[in-house]
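Asks: Could you have a look at this structure, given as structure tokens, before my questions?
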Amino acid sequence: SVTDVTASGNIIATNRPRFFVYRGNSELILNASNLATVAETVDFTTAVYNVGSAFDLNTERFTAPVTGLYRFDFSLLVGFTVPSSGVNWASFQLMKGTSTSAIADGSHRSYHEAYRGSGSSAGNVGDYSFKRVVNSATVSLTQNETIRLKVHASNSVNLRIHSGNQSSFSGYLIG
């Protein structure tokens with residue numbers, strides 16, 4: 001069972017499914033030439049904990065071991081090249097299942113943008129503009145449904161997701 005009740009009536013949840021993963025020792029660098037139309041799963045390489053082994057580091061997916069309400073959080077340090085003019089952008093969201101368009105109920109997009117207008121001094125061309133992108137969601141999942149963190153971005157941007165615990169994803173069963 002994922003929750004136990006002691007003889008005195010206290011609830012303990014030592015077996016409750018939960019995970020905390022992060023990028024590891026290398027940055028994830030994506031050339032976003034096609035990410036405006038095709039979403040990419042954010043790659044995490046290291047698990048701090050993975051109770052119930054529900055998060056698969058090979059597929060980057062959490063698979064619900066039981067039907068229930070789950071809480072997910074992500075915090076990413078994201079950067080991309082400052083454009084010579086106009087806008088570069090990236091959008092992050094939790095996706096349910098294998099669809100590229102099924103944003104998980106209870107989730108919303110996190111957005112990062114670098115803008116440079118004509119004559120702007122917002123960094124040199126080729127500089128990276130970094131921002132902390134955070135989000136959380138409470139999502140109802142049935143047993144064996146999956147959740148993954150996806151990114152869409154403007155064309156021709158080099159997107160960087162910082163290494164180490166600067167970029168992490170976590171989740172747990174609420175009940």
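In the structure tokens, chains take letters A, B, ... by order of appearance, with residues numbered from 1 within each chain and ligands from 1 in the order shown.
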Please list as a PDB file with N, CA and C atoms, in the first residue's frame every residue within 7 Å of A:Arg109, counting only C-alpha atoms and excluding residues in the same chain fewer than 2 positions away.

Replies:
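Once written, result27.pdb looks like this:
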```
ATOM      1  N   SER A  91       8.487  28.013 -24.264  1.00  0.00           N
ATOM      2  CA  SER A  91       7.304  27.741 -23.472  1.00  0.00           C
ATOM      3  C   SER A  91       7.416  26.329 -22.908  1.00  0.00           C
ATOM      4  N   PHE A  92       7.207  26.191 -21.603  1.00  0.00           N
ATOM      5  CA  PHE A  92       7.322  24.899 -20.927  1.00  0.00           C
ATOM      6  C   PHE A  92       5.965  24.511 -20.363  1.00  0.00           C
ATOM      7  N   GLN A  93       5.598  23.244 -20.493  1.00  0.00           N
ATOM      8  CA  GLN A  93       4.332  22.770 -19.940  1.00  0.00           C
ATOM      9  C   GLN A  93       4.386  21.278 -19.650  1.00  0.00           C
ATOM     10  N   SER A 107      -2.434  22.277 -15.301  1.00  0.00           N
ATOM     11  CA  SER A 107      -1.116  22.802 -15.642  1.00  0.00           C
ATOM     12  C   SER A 107      -1.279  24.010 -16.558  1.00  0.00           C
ATOM     13  N   TYR A 111       6.570  30.662 -19.526  1.00  0.00           N
ATOM     14  CA  TYR A 111       7.060  31.294 -20.731  1.00  0.00           C
ATOM     15  C   TYR A 111       8.298  32.125 -20.433  1.00  0.00           C
TER      16      TYR A 111
END
```

Asks: Counting only C-alpha atoms, which residues of stretch 137-169 of chain A sit at most 12 Å from some atom of stretch 44-53 of chain A, and what is each one's closest atom pair with its distance in Å to one decimal, listed by chain and rising residue number, as a tab-separated table?

Replies:
```
residue	atom	partner	partner_atom	distance
A:Arg148	CA	A:Phe44	CA	10.7
A:Leu149	CA	A:Phe44	CA	9.9
A:Lys150	CA	A:Phe44	CA	11.7
A:Ile161	CA	A:Phe44	CA	10.1
A:His162	CA	A:Phe44	CA	10.8
A:Ser163	CA	A:Phe44	CA	9.3
A:Gly164	CA	A:Thr46	CA	8.8
A:Asn165	CA	A:Thr46	CA	9.3
A:Gln166	CA	A:Phe44	CA	11.4
A:Ser167	CA	A:Phe44	CA	8.4
A:Ser168	CA	A:Phe44	CA	7.6
A:Phe169	CA	A:Phe44	CA	8.0
```

Asks: Closest to A:Asn155 among A:Trp89, A:Phe72, A:Phe130, A:Tyr172, using only C-alpha atoms?

Replies: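 Counting only C-alpha atoms, the residue closest to A:Asn155 is A:Trp89.
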
Asks: Restricting the calculation to only C-alpha atoms, which member of A:Thr138, A:Thr67, A:Thr41, A:Thr98 is positioned closest to A:Val151?

Replies: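 Closest residue, counting only C-alpha atoms: A:Thr41.
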
Asks: For a quick check of understanding, using only C-alpha atoms, which of A:Asn135, A:Asn144, A:Arg160, A:Arg16 has the smallest distance to A:Val42?

Replies: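 That would be A:Arg160, the residue with the smallest distance to A:Val42.
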
Asks: So, counting only C-alpha atoms, which residue among A:Ile174, A:Leu159, A:Val139, A:Leu30 is closest to A:Leu77?

Replies: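 Selected residue with least distance to A:Leu77: A:Leu159.
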
Asks: With distances taken over only C-alpha atoms, which of A:Val78, A:Leu69, A:Ala54, A:Ile147 is nearest to A:Gly97?

Replies: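 Once distances to A:Gly97 are computed over only C-alpha atoms, the minimum belongs to A:Ile147.
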
Asks: Let me make sure I understand: among A:Ala64, A:Ala7, A:Val87, A:Met95, which one has the smallest atom-to-atom distance to A:Val157 if we use only C-alpha atoms?

Replies: A:Val87
